[in-house]
Structure formats: structure tokens, C-alpha cells
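Beneath this line is the structure, given in C-alpha cells, with notes to follow.
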Amino acid sequence: GGLVALLLLGCAVGAGEWLGWPFLAPPLERALSKAWSRRVSLTVPVERAVAPAGRFRIRFVGGVRLQTPGLEIAAPAWSAAPHLLLARDVDLQLRYIDLWRAYRGQPLRIEGLTARALDAQLERLADGRASWQLAAHEPSAEPPKPISIPAFGHLQVTDGLLACRDAALAIDVVARLSLADSELKFNAVGLYRTLPVKIDLLATGVLSVAGGVVPVVPLTVEATVGRAQMSFKGSADDILHLGGFRGRFSVKGPSLAALGDPVGVTLPTTSAFSASGVIVRQDNDWRVRIDDATVGSSRLNGAFSYEAGRAVPLLAGRLGGSRLFLVDLGPVVGTTPAELTVTTPSIGKANRVSGKVKGKVLPARPFDLAALRVMDANVLIDIAEVDLNTTLLEPLRPLRGHLQLSGGVLTLSELDARTADGRLAGRWSLDGRGSQALWDADLRWTGVRLERWIHQARAGSAPPYLSGRLSGRATVKGQGLSTADILASLNGRVRTELSDGAVSHLLVEAAGLDIAQALGVLFKSDDALPLSCAVADLDAVGGVFRPRVMVLDTTDSAVWIDGSLSLATEALDLRAVVIPKDFSPLTLRSPLRVGGSLAVPEVSLEKEPIARKVAASILLALLNPLAALIPLIDPGDADLARRTGAGCRKLMQRGAAAKP
């Protein structure tokens with residue numbers, strides 16, 4: 001009896017497998033519809049089929065194999081989509097081991113899927129509800145995850161349509177795909193993070209799987225995201241998941257930021273950018289070698305890795321290049337190299353973004369502090385030449401440093417820049433963890449040849465206006481939402497001194513309004529007066545710099561400077577007093593004032609001392625024309641000038657002793 005029962009059961013199973021268990025379609029539909037809380041149809045009516053062929057069959061021996069002329073899975077009740085999935089002439093194969101792994105939470109693997117037509121409508125709301133979630137949605141505070149694509153052993157779709165509307169990731173894309181005859185064609189258009197998207201992909205040899213060996217699939221991609229364009233030619237091992245992705249690429253766009261935004265990498269706003277090189281993907285990590293990158297007029301290169309699988313993604317590597325123009329990275333510090341035109345796709349209008357406020361010279365473009373918190377970075381910098389965007393200053397040759405971004409704090413340490421036989425060293429940091437950026441800098445410069453660093457071209461063989469070796473240190477802190485805000489809040493100290501220096505004789509006499517000696521210098525040509533001492537020691541409080549002492553001491557005169565420079569209001573209020581050491585028969589000596597603003601400086605003389613001398617000269621001229629010269633005679637004050645110079649030298653000695 002037992003044998004008979006087993007034989008009957010075997011015959012029934014054999015007959016069921018041979019027939020394809022057609023009577024199981026209604027109960028399977030009811031069970032799946034109940035489990036997924038949506039309508040599931042395994043036998044789509046013939047009139048709705050594109051090209052109906054065959055009938056419903058399902059087999060269970062050796063795995064699950066479903067064959068049906070039509071398969072439909074409805075969208076959830078909250079979705080406006082017509083369905084989640086609609087497929088025609090379907091042949092689906094699943095292994096039990098893959099179903100068990102998927103049940104345990106691992107990614108689903110589909111042994112094989114063939115469909116004449118496939119229409120998938122994927123949708124996710126901002127609250128996390130997704131149409132492809134077949135279980136009840138549970139709210140989560142975790143960031144949204146990308147759509148998980150199953151792995152396939154074999155996949156063939158003659159005509160595919162994929163619509164994806166994901167509010168959580170700001171995606172609204174419609175794609176057409178065809179995967180047949182070992183060739184994959186994929187074309188997508190839509191929006192990504194409000195940027196227009198267009199992608200064209202072609203891969204050949206996709207279905208050439210033999211003996212379980214994953215093939216290398218030739219792959220070409222042309223993509224446009226916003227105004228950023230990318231082309232790629234290479235290969236991949238897993239075309240759907242970009243496994244083993246490798247090849248050469250070229251990218252270009254209006255800014256580095258335009259290239260980083262689509263992939264979630266924090267890159268600075270710059271001038272127009274283009275680059276070419278090699279890219280490789282290993283698991284969740286990317287490796288990029290940039291052979292040639294052009295940012296505006298700058299030429300750079302580098303090698304980077306991007307570890308996306310970490311809790312906080314990490315960008316690491318090195319940045320080098322033959323030349324960097326500072327103007328090309330102007331927006332990084334809150335300004336722009338020129339007006340940037342930003343197009344808003346939703347309204348189709350171009351908006352001009354300027355980095356300066358009218359009547360101001362300090363850059364006021366806001367920092368993107370949120371961008372500092374989405375990833376970490378560890379980059380070594382070694383650039384042969386950095387142009388400071390002015391013909392007045394000599395470039396830095398080279399510039400080296402260590403750039404780190406961790407937890408929203410951007411730091412440039414181990415700074416080493418050389419210029420004009422001198423060196424700039426130190427560190428600075430920008431803390432973007434709060435609502436305002438906190439800036440902290442400790443910079444030192446030594447041995448900078450002033451006559452080389454500041455270009456002072458003069459006619460003939462005239463010496464430079466100011467020469468010598470410049471050294472000093474700045475320790476300052478500030479906070480704000482832009483460069484202008486930070487400079488307006490600076491607190492700290494800046495001290496610099498000039499050694500082995502000289503100053504133009506004509507410049508000193510002109511500053512002191514010594515007409516006689518200035519005329520003499522003009523007739524005999526200008527010469528350089530040695531500087532026995534030159535020191536500037538300034539305190540910064542609330543963005544206002546005031547000199548503790550600011551003096552230049554020469555063999556001819558001593559020049560004292562006091563007053564203030566406000567970076568908060570950009571106002572100038574400086575006063576220079578020249579103390580002569582020698583006799584001059586013709587002078588209108590009066591303190592020189594520099595007022596106005598950084599945008600419009602105003603140079604003037606204190607009128608009262610001049611008025612007194614001119615009035616006295618006019619009165620004496622009434623007695624004797626030669627007596628009119630008496631008020632214009634300056635005997636000089638050598639003793640006061642010597643005391644000034646001695647004090648200046650003591651300050652220099654004190655500063656030298658305080659150097660680390």
C-alpha cells in the first residue's frame with residue numbers, strides 16, 4: 001500500500017511537473033496578494049498581452065521555474081503608478097538556496113529571467129515608503145539607501161521600460177533598455193537632484209557566460225548631469241552592479257562641484273573643469289588616476305581613492321600639477337573668478353552669483369558648510385607653481401601641504417610654500433560643524449625677498465621702492481559664514497619685520513614733503529637708503545587691526561605709522577609721521593593720512609601744520625621775501641630719530657629671541 005501510494009504520488013508530481021501545475025495559479029495569486037497587500041496576477045488576460053504565447057506553467061523540481069504569457073504586480077495603494085511590474089512572455093528561474101539566502105536578508109539572486117517586454121514603475125516617497133517593499137513599511141531615521149538590484153545568472157529583455165521616482169534620493173528618471181543577442185542598450189532621461197540627466201550605455205557580450213566564468217564585458221557610457229558631461233570606455237565584470245568596472249574616462253563641467261554633486265562627493269566650486277584618466281571599482285571602493293586635469297587655466301593631476309562603504313565616505317590620495325592659478329579656486333574661499341551663471345532646471349532661468357557686495361572688496365560668497373559634513377578626506381598636495389592672481393606678487397614655487405577633512409573640520413597642515421628665496425609655513429583649519437565656520441590660522445614666513453615678491457618695476461636703473469628679507473608670524477582666529485565675515489571678526493596678532501633692507505630715498509623725502517631734498521634726489525637720480533630697522537606689530541580685535549608699533553628707520557629719517565585698518569567695515573584710518581635726521585631748507589613736512597575704504601582709498605595731508613607754515617611764510621614775506629623761507633626750514637631731530645631707531649631695533653631683537 002505504501003509503495004502504491006508513493007508511486008501514485010510520484011506519478012502525480014510527474015504529471016504536475018509535466019503539465020506545469022496550471023491549477024495552482026489562482027491559489028498562488030491569492031496567497032501572494034495577501035502576503036504583499038497588493039494584487040498579484042500570474043495569468044494576465046490575453047488581450048492585455050503584447051504578444052501572448054503559451055500558458056501558465058510552474059515547476060518546483062530542482063528550483064522554481066515560472067513561465068507565463070503575462071505577469072503583473074500592482075503598485076501599493078498609496079502610489080499613483082499603474083503597476084509595480086508588468087511583464088510579457090516571462091520565463092523566471094529561482095534556486096532554493098538563493099530564496100533561502102534572500103529570506104535571511106541577503107541580496108536576491110535570480111538564476112534566469114527572460115521577458116519579451118518588461119515595464120517596471122518604481123516609486124519611493126520622502127517618508128521612506130517604497131513601492132518595491134513587499135512588506136509593511138517601518139519608519140527609520142537612517143538615510144535612504146539606493147535601490148537594490150538583484151543579481152542575475154541570465155537576463156534577457158527584448159523591450160524594457162524602467163521608471164524611477166525616488167523623492168528620498170531626488171531621482172525622477174525614465175529609461176529604455178534592451179538586453180538581447182549579447183548586447184545591452186540603456187538610455188535614460190530625467191532629473192537627478194533637480195539636475196537634468198541623460199545617459200546612453202552600450203555593452204556587448206553580456207550573455208556570454210560559459211562554465212560559470214564571469215566574462216569581461218566591453219562597455220561605453222556617455223552621460224550628462226546638469227552641465228557636467230562624462231564619457232567612459234572600458235569594461236565590467238557585472239554590468240548591472242558595475243562589478244570590476246575599469247577603463248578610461250573623460251569629464252568636463254562648469255565647476256568641480258558640478259561633478260561631485262551627482263555622486264555625493266564634496267568637491268570645491270571652481271572655474272570650468274575637464275579631466276581624463278583611468279577609473280577602477282573594487283567592491284564598494286573606487287580608484288581614480290587623473291592624468292590631466294584643467295581647472296580654468298590650471299593644470300593638475302593626481303591619484304585618489306573613494307571608500308563608499310564606510311559609515312562616512314573617505315576621499316584619499318594626492319593632488320599634484322605643474323601650475324595652479326589661485327583665481328580658478330576663488331570660490332573655495334568665498335569669491336568667484338568671474339560671475340558664475342547658475343541655471344535652475346525647475347524654472348529654466350539663469351541666475352548670476354557674485355562673490356562680492358557692492359562697494360566692498362572682501363569676498364562675501366557663503367560657505368557650503370553642510371558639504372563639509374558628508375564625507376572625510378585625506379589628501380597630500382604637491383603643486384609645482386601657484387599663481388596668486390596678481391602681477392604684483394611672485395608665484396609660490398612649490399606649494400606642499402596635507403589637506404584633511406574629518407567630522408566637518410577642514411585642516412591644511414604641514415604647509416610648505418616657497419617664494420622669492422623665502423618660505424611660508426604653518427597650518428589653518430575651518431570648523432564647519434556648527435552654524436558658523438570657525439577659522440584658526442598659525443602662519444610663519446621667513447627670508448622672503450621683498451623686492452622679488454612684490455614686483456616694483458621702475459624706469460631706468462632706479463632701485464626698488466622697498467627691499468629686504470621679510471619674516472614674521474600671524475596667529476589669528478575668526479568666525480562667520482563667508483570670508484568677509486571671518487575677516488570682520490578676526491582676533492589675534494600679526495608681526496613682521498624687514499632685515500637687510502633698503503627704501504627709496506625719493507619715497508622717504510616725498511612722504512615727509514621734503515621738497516628740497518626730493519628735488520635733489522630727482523636731479524641726481526634716486527638711491528636706496530639702508531634700513532637699520534623696520535617692524536610692524538599689529539593687534540587684531542573684532543576685525544580691526546591697530547599697530548602696537550609700525551616704524552621704518554633709515555639713515556635719513558624715521559617713519560612712524562599709527563591708526564587702524566578695519567576689515568569689518570573695510571575702512572582705512574592710517575597716519576604716517578616722518579622724523580628727519582638732517583637739515584632741510586625747504587619742507588612742508590606734515591603727517592600723511594590714508595583714509596577712505598579698501599575699495600576707494602583716500603590719501604591726504606594734515607592741513608593744520610601746512611597751514612601754519614604757509615601762513616607764517618606769507619607774513620614774513622611781507623617783511624622780506626627771503627624771510628618767507630624761514631618757516632620752511634627743518635633742522636631735523638637726530639636725537640629723536642636715534643631713540644626711535646633704538647626702540648625699533650630692540651623690538652626686532654625681542655622678536656628674534658621669541659622665534660621657535
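In the C-alpha cells, chains take the letters A, B, ... in the order shown, each chain's residues start at 1, and ligands count up from 1 in the order shown.
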Near-A:Ser413 list (12 Å; only C-alpha atoms; drop same-chain fewer than 6 positions) as a list in words |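 The residues satisfying every condition are Asn378, Val379, Leu380, Ile381, Leu399, Arg400, Gly401, His402, Leu403, Gln404, Leu405, Leu424, Ala425, Gly426, Arg427, Trp428, Ser429, Leu430, Asp440, Ala441, Asp442 and Leu443 of chain A.
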Same residues, N, CA and C atoms, saved as an mmCIF file, in the first residue's frame:
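File out.cif, as written:
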```
data_model
loop_
_atom_site.group_PDB
_atom_site.id
_atom_site.type_symbol
_atom_site.label_atom_id
_atom_site.label_comp_id
_atom_site.auth_asym_id
_atom_site.auth_seq_id
_atom_site.Cartn_x
_atom_site.Cartn_y
_atom_site.Cartn_z
ATOM 1 N N ASN A 378 41.551 62.897 3.027
ATOM 2 C CA ASN A 378 42.953 62.851 3.450
ATOM 3 C C ASN A 378 43.801 62.938 2.179
ATOM 4 N N VAL A 379 44.232 64.158 1.835
ATOM 5 C CA VAL A 379 44.868 64.401 0.540
ATOM 6 C C VAL A 379 46.198 65.123 0.744
ATOM 7 N N LEU A 380 47.256 64.604 0.126
ATOM 8 C CA LEU A 380 48.559 65.264 0.103
ATOM 9 C C LEU A 380 48.628 66.167 -1.130
ATOM 10 N N ILE A 381 49.149 67.377 -0.951
ATOM 11 C CA ILE A 381 49.208 68.367 -2.026
ATOM 12 C C ILE A 381 50.661 68.672 -2.358
ATOM 13 N N LEU A 399 54.209 74.521 -3.765
ATOM 14 C CA LEU A 399 53.279 74.552 -2.629
ATOM 15 C C LEU A 399 52.998 73.113 -2.216
ATOM 16 N N ARG A 400 53.288 72.822 -0.947
ATOM 17 C CA ARG A 400 53.038 71.476 -0.428
ATOM 18 C C ARG A 400 52.215 71.578 0.851
ATOM 19 N N GLY A 401 51.421 70.559 1.125
ATOM 20 C CA GLY A 401 50.613 70.559 2.335
ATOM 21 C C GLY A 401 49.855 69.261 2.484
ATOM 22 N N HIS A 402 49.179 69.136 3.611
ATOM 23 C CA HIS A 402 48.383 67.948 3.938
ATOM 24 C C HIS A 402 46.965 68.414 4.248
ATOM 25 N N LEU A 403 46.029 68.105 3.350
ATOM 26 C CA LEU A 403 44.636 68.527 3.490
ATOM 27 C C LEU A 403 43.832 67.391 4.105
ATOM 28 N N GLN A 404 43.154 67.681 5.227
ATOM 29 C CA GLN A 404 42.340 66.676 5.909
ATOM 30 C C GLN A 404 40.952 67.248 6.198
ATOM 31 N N LEU A 405 39.950 66.411 6.004
ATOM 32 C CA LEU A 405 38.567 66.753 6.326
ATOM 33 C C LEU A 405 38.021 65.620 7.179
ATOM 34 N N LEU A 424 56.963 80.060 3.375
ATOM 35 C CA LEU A 424 55.741 80.213 4.160
ATOM 36 C C LEU A 424 55.381 78.851 4.726
ATOM 37 N N ALA A 425 55.166 78.780 6.035
ATOM 38 C CA ALA A 425 54.857 77.515 6.685
ATOM 39 C C ALA A 425 53.754 77.740 7.712
ATOM 40 N N GLY A 426 53.193 76.618 8.202
ATOM 41 C CA GLY A 426 52.169 76.718 9.239
ATOM 42 C C GLY A 426 50.972 75.839 8.954
ATOM 43 N N ARG A 427 49.836 76.230 9.512
ATOM 44 C CA ARG A 427 48.603 75.461 9.362
ATOM 45 C C ARG A 427 47.409 76.392 9.516
ATOM 46 N N TRP A 428 46.251 75.952 8.961
ATOM 47 C CA TRP A 428 44.985 76.632 9.231
ATOM 48 C C TRP A 428 43.876 75.599 9.211
ATOM 49 N N SER A 429 42.772 75.924 9.849
ATOM 50 C CA SER A 429 41.642 74.995 9.900
ATOM 51 C C SER A 429 40.340 75.775 9.780
ATOM 52 N N LEU A 430 39.336 75.098 9.228
ATOM 53 C CA LEU A 430 37.992 75.649 9.079
ATOM 54 C C LEU A 430 37.030 74.638 9.674
ATOM 55 N N ASP A 440 40.881 79.218 12.131
ATOM 56 C CA ASP A 440 42.029 79.349 13.034
ATOM 57 C C ASP A 440 43.289 79.179 12.189
ATOM 58 N N ALA A 441 44.203 80.150 12.246
ATOM 59 C CA ALA A 441 45.412 80.092 11.423
ATOM 60 C C ALA A 441 46.636 80.440 12.246
ATOM 61 N N ASP A 442 47.722 79.715 11.984
ATOM 62 C CA ASP A 442 49.037 79.999 12.566
ATOM 63 C C ASP A 442 50.039 79.883 11.425
ATOM 64 N N LEU A 443 50.442 81.018 10.862
ATOM 65 C CA LEU A 443 51.297 81.047 9.679
ATOM 66 C C LEU A 443 52.592 81.783 9.988
#
```
Spatial neighbours of A:Glu123, max dist 9 Å, only C-alpha atoms, sep filter under 4 positions, as a ChimeraX atom specification | /A:75,79,81,84,129-132,163-167
Polymer residues at most 12 Å from A:Glu111, only C-alpha atoms, same-chain spacing of 2 or more positions, as a list of chain:residue names |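 Answer for this query is A:Gly62, A:Gly63, A:Val64, A:Arg65, A:Leu66, A:Asp91, A:Leu92, A:Gln93, A:Leu94, A:Arg95, A:Tyr96, A:Ile97, A:Asp98, A:Leu99, A:Leu108, A:Arg109, A:Leu113, A:Thr114, A:Pro150, A:Ala151, A:Phe152, A:Gly153, A:His154, A:Leu155, A:Gln156, A:Gly212.
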Restricting the output to C-alpha atoms, write the selected residues as an mmCIF file, in the first residue's frame.
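The resulting file, again_12.cif, is reproduced below:
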```cif
data_model
loop_
_atom_site.group_PDB
_atom_site.id
_atom_site.type_symbol
_atom_site.label_atom_id
_atom_site.label_comp_id
_atom_site.auth_asym_id
_atom_site.auth_seq_id
_atom_site.Cartn_x
_atom_site.Cartn_y
_atom_site.Cartn_z
ATOM 1 C CA GLY A 62 15.363 21.454 -8.816
ATOM 2 C CA GLY A 63 14.158 25.005 -8.169
ATOM 3 C CA VAL A 64 11.214 27.218 -9.015
ATOM 4 C CA ARG A 65 10.575 27.939 -12.687
ATOM 5 C CA LEU A 66 7.663 30.139 -13.702
ATOM 6 C CA ASP A 91 10.427 32.717 -18.042
ATOM 7 C CA LEU A 92 11.667 33.087 -14.428
ATOM 8 C CA GLN A 93 14.057 30.655 -12.703
ATOM 9 C CA LEU A 94 14.927 30.689 -8.989
ATOM 10 C CA ARG A 95 17.143 28.350 -6.964
ATOM 11 C CA TYR A 96 16.045 27.313 -3.498
ATOM 12 C CA ILE A 97 19.405 28.256 -1.993
ATOM 13 C CA ASP A 98 19.004 31.795 -3.380
ATOM 14 C CA LEU A 99 15.472 32.047 -1.957
ATOM 15 C CA LEU A 108 18.305 38.217 -4.028
ATOM 16 C CA ARG A 109 19.874 36.294 -6.897
ATOM 17 C CA LEU A 113 14.862 35.855 -16.366
ATOM 18 C CA THR A 114 13.644 36.145 -19.936
ATOM 19 C CA PRO A 150 19.085 41.619 -7.807
ATOM 20 C CA ALA A 151 21.977 39.615 -9.192
ATOM 21 C CA PHE A 152 21.261 37.580 -12.331
ATOM 22 C CA GLY A 153 22.749 34.414 -13.724
ATOM 23 C CA HIS A 154 20.984 35.038 -17.032
ATOM 24 C CA LEU A 155 18.921 38.030 -18.120
ATOM 25 C CA GLN A 156 17.269 38.786 -21.431
ATOM 26 C CA GLY A 212 30.278 29.727 -14.641
#
```
So how many Å separate atom CA of A:Ser467 and atom CA of A:Val448, to one decimal?
->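 That distance, rounded to one decimal, is 9.9 Å.
The gap separating atom CA of A:Asp382 from atom CA of A:Ser471 is 23.5 Å, in Å to one decimal.
In this comparison, which uses only C-alpha atoms, the residue of A:Gly407, A:Gly563, A:Gly247, A:Gly160 approaching A:Ala120 most closely is A:Gly160.
Neighbouring residues of A:Leu42 at 8 Å or closer, counting only C-alpha atoms and skipping chain neighbours under 3 positions away, are Ala25, Glu29, Phe56, Thr68, Gly70, Leu71 and Glu72 of chain A.
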What are the DSSP strand (DSSP E or B) residues of stretch 350-411 of chain A, as a PDB file with C-alpha atoms, in the first residue's frame?
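Output file states09.pdb follows:
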```pdb
ATOM      1  CA  ALA A 350      19.910  81.777 -15.377  1.00  0.00           C
ATOM      2  CA  ASN A 351      20.910  83.452 -12.139  1.00  0.00           C
ATOM      3  CA  ARG A 352      24.176  85.332 -11.685  1.00  0.00           C
ATOM      4  CA  VAL A 353      26.070  84.667  -8.494  1.00  0.00           C
ATOM      5  CA  LYS A 356      31.323  90.445  -3.619  1.00  0.00           C
ATOM      6  CA  PRO A 363      34.608  88.126  -0.794  1.00  0.00           C
ATOM      7  CA  PRO A 366      28.670  81.994   1.679  1.00  0.00           C
ATOM      8  CA  ASP A 376      36.046  62.757   5.118  1.00  0.00           C
ATOM      9  CA  ALA A 377      39.225  63.454   3.152  1.00  0.00           C
ATOM     10  CA  ASN A 378      42.953  62.851   3.450  1.00  0.00           C
ATOM     11  CA  VAL A 379      44.868  64.401   0.540  1.00  0.00           C
ATOM     12  CA  LEU A 380      48.559  65.264   0.103  1.00  0.00           C
ATOM     13  CA  ILE A 381      49.208  68.367  -2.026  1.00  0.00           C
ATOM     14  CA  ASP A 382      52.336  68.972  -4.106  1.00  0.00           C
ATOM     15  CA  ILE A 383      51.965  71.626  -6.819  1.00  0.00           C
ATOM     16  CA  VAL A 386      50.749  78.538  -7.582  1.00  0.00           C
ATOM     17  CA  ASP A 387      49.888  81.833  -9.263  1.00  0.00           C
ATOM     18  CA  LEU A 393      53.291  89.163  -6.430  1.00  0.00           C
ATOM     19  CA  LEU A 396      54.650  80.194  -4.911  1.00  0.00           C
ATOM     20  CA  LEU A 399      53.279  74.552  -2.629  1.00  0.00           C
ATOM     21  CA  ARG A 400      53.038  71.476  -0.428  1.00  0.00           C
ATOM     22  CA  GLY A 401      50.613  70.559   2.335  1.00  0.00           C
ATOM     23  CA  HIS A 402      48.383  67.948   3.938  1.00  0.00           C
ATOM     24  CA  LEU A 403      44.636  68.527   3.490  1.00  0.00           C
ATOM     25  CA  GLN A 404      42.340  66.676   5.909  1.00  0.00           C
ATOM     26  CA  LEU A 405      38.567  66.753   6.326  1.00  0.00           C
ATOM     27  CA  SER A 406      37.217  64.898   9.345  1.00  0.00           C
ATOM     28  CA  VAL A 409      36.630  70.143  10.180  1.00  0.00           C
ATOM     29  CA  LEU A 410      38.832  71.067   7.212  1.00  0.00           C
ATOM     30  CA  THR A 411      42.550  71.406   8.022  1.00  0.00           C
TER      31      THR A 411
END
```
Near-A:Asn187 list (6 Å; only C-alpha atoms; drop same-chain fewer than 6 positions) as JSON, numbers by chain | {"A": [175, 176, 199, 200]}
Keeping only N, CA, C and O atoms, write those residues as a JSON list (two decimals), in the first residue's frame.
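Saved the output as result.json:
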```
[["chain", "number", "residue", "atom", "x", "y", "z"],
["A", 175, "ALA", "N", 13.79, 55.21, -18.23],
["A", 175, "ALA", "CA", 14.84, 54.58, -19.03],
["A", 175, "ALA", "C", 14.25, 53.51, -19.93],
["A", 175, "ALA", "O", 13.29, 52.82, -19.56],
["A", 176, "ARG", "N", 14.82, 53.38, -21.11],
["A", 176, "ARG", "CA", 14.53, 52.30, -22.04],
["A", 176, "ARG", "C", 15.74, 51.38, -22.09],
["A", 176, "ARG", "O", 16.88, 51.85, -22.16],
["A", 199, "ILE", "N", 21.63, 59.63, -20.07],
["A", 199, "ILE", "CA", 22.63, 58.57, -20.04],
["A", 199, "ILE", "C", 22.41, 57.64, -21.23],
["A", 199, "ILE", "O", 21.29, 57.18, -21.46],
["A", 200, "ASP", "N", 23.48, 57.34, -21.96],
["A", 200, "ASP", "CA", 23.46, 56.36, -23.05],
["A", 200, "ASP", "C", 24.55, 55.34, -22.76],
["A", 200, "ASP", "O", 25.74, 55.70, -22.65]]
```
Residues within 6 Å of A:Asp553, only C-alpha atoms, excluding chain neighbours under 3 positions, as a list in words | Leu531, Ser532, Cys533, Ala558 and Gly645 of chain A
Quick one: everything within 8 Å of A:Gly302, counting only C-alpha atoms, minus sequence neighbours fewer than 4 positions away in the same chain. Send it as a ChimeraX atom specification.
-> /A:289-291,317-321
Residues just named, written with all heavy atoms as a PDB file, in the first residue's frame:
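Wrote result.pdb, looks like this:
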```pdb
ATOM      1  N   ARG A 289      42.804  57.578 -11.264  1.00  0.00           N
ATOM      2  CA  ARG A 289      44.075  58.225 -11.596  1.00  0.00           C
ATOM      3  C   ARG A 289      43.782  59.297 -12.638  1.00  0.00           C
ATOM      4  O   ARG A 289      43.298  58.997 -13.736  1.00  0.00           O
ATOM      5  CB  ARG A 289      45.076  57.222 -12.155  1.00  0.00           C
ATOM      6  CG  ARG A 289      46.483  57.820 -12.338  1.00  0.00           C
ATOM      7  CD  ARG A 289      47.405  56.899 -13.094  1.00  0.00           C
ATOM      8  NE  ARG A 289      47.128  56.902 -14.525  1.00  0.00           N
ATOM      9  CZ  ARG A 289      47.073  55.813 -15.272  1.00  0.00           C
ATOM     10  NH1 ARG A 289      47.231  54.611 -14.719  1.00  0.00           N
ATOM     11  NH2 ARG A 289      46.817  55.893 -16.578  1.00  0.00           N
ATOM     12  N   ILE A 290      44.062  60.544 -12.282  1.00  0.00           N
ATOM     13  CA  ILE A 290      43.814  61.664 -13.186  1.00  0.00           C
ATOM     14  C   ILE A 290      45.133  62.027 -13.858  1.00  0.00           C
ATOM     15  O   ILE A 290      46.057  62.521 -13.214  1.00  0.00           O
ATOM     16  CB  ILE A 290      43.244  62.873 -12.423  1.00  0.00           C
ATOM     17  CG1 ILE A 290      41.917  62.487 -11.749  1.00  0.00           C
ATOM     18  CG2 ILE A 290      43.028  64.045 -13.369  1.00  0.00           C
ATOM     19  CD1 ILE A 290      41.330  63.595 -10.898  1.00  0.00           C
ATOM     20  N   ASP A 291      45.220  61.740 -15.150  1.00  0.00           N
ATOM     21  CA  ASP A 291      46.453  62.035 -15.881  1.00  0.00           C
ATOM     22  C   ASP A 291      46.571  63.512 -16.198  1.00  0.00           C
ATOM     23  O   ASP A 291      47.671  64.068 -16.186  1.00  0.00           O
ATOM     24  CB  ASP A 291      46.487  61.217 -17.177  1.00  0.00           C
ATOM     25  CG  ASP A 291      46.472  59.714 -16.900  1.00  0.00           C
ATOM     26  OD1 ASP A 291      47.056  59.309 -15.881  1.00  0.00           O
ATOM     27  OD2 ASP A 291      45.860  58.969 -17.678  1.00  0.00           O
ATOM     28  N   GLY A 317      44.192  60.457  -1.190  1.00  0.00           N
ATOM     29  CA  GLY A 317      45.088  60.406  -2.334  1.00  0.00           C
ATOM     30  C   GLY A 317      46.047  61.570  -2.348  1.00  0.00           C
ATOM     31  O   GLY A 317      46.367  62.161  -1.318  1.00  0.00           O
ATOM     32  N   ARG A 318      46.489  61.925  -3.531  1.00  0.00           N
ATOM     33  CA  ARG A 318      47.435  63.027  -3.709  1.00  0.00           C
ATOM     34  C   ARG A 318      46.970  63.918  -4.850  1.00  0.00           C
ATOM     35  O   ARG A 318      46.375  63.466  -5.825  1.00  0.00           O
ATOM     36  CB  ARG A 318      48.835  62.503  -4.013  1.00  0.00           C
ATOM     37  CG  ARG A 318      48.928  61.725  -5.317  1.00  0.00           C
ATOM     38  CD  ARG A 318      50.367  61.470  -5.754  1.00  0.00           C
ATOM     39  NE  ARG A 318      50.400  60.780  -7.040  1.00  0.00           N
ATOM     40  CZ  ARG A 318      50.313  61.411  -8.213  1.00  0.00           C
ATOM     41  NH1 ARG A 318      50.190  62.730  -8.244  1.00  0.00           N
ATOM     42  NH2 ARG A 318      50.339  60.739  -9.346  1.00  0.00           N
ATOM     43  N   LEU A 319      47.260  65.214  -4.717  1.00  0.00           N
ATOM     44  CA  LEU A 319      46.952  66.198  -5.746  1.00  0.00           C
ATOM     45  C   LEU A 319      48.241  66.886  -6.140  1.00  0.00           C
ATOM     46  O   LEU A 319      48.942  67.441  -5.288  1.00  0.00           O
ATOM     47  CB  LEU A 319      45.939  67.224  -5.230  1.00  0.00           C
ATOM     48  CG  LEU A 319      45.647  68.415  -6.153  1.00  0.00           C
ATOM     49  CD1 LEU A 319      44.964  67.944  -7.429  1.00  0.00           C
ATOM     50  CD2 LEU A 319      44.794  69.449  -5.436  1.00  0.00           C
ATOM     51  N   GLY A 320      48.580  66.834  -7.413  1.00  0.00           N
ATOM     52  CA  GLY A 320      49.781  67.482  -7.909  1.00  0.00           C
ATOM     53  C   GLY A 320      49.460  68.286  -9.148  1.00  0.00           C
ATOM     54  O   GLY A 320      48.303  68.458  -9.525  1.00  0.00           O
ATOM     55  N   GLY A 321      50.486  68.775  -9.785  1.00  0.00           N
ATOM     56  CA  GLY A 321      50.272  69.532 -11.005  1.00  0.00           C
ATOM     57  C   GLY A 321      51.415  70.481 -11.276  1.00  0.00           C
ATOM     58  O   GLY A 321      52.252  70.760 -10.406  1.00  0.00           O
TER      59      GLY A 321
END
```
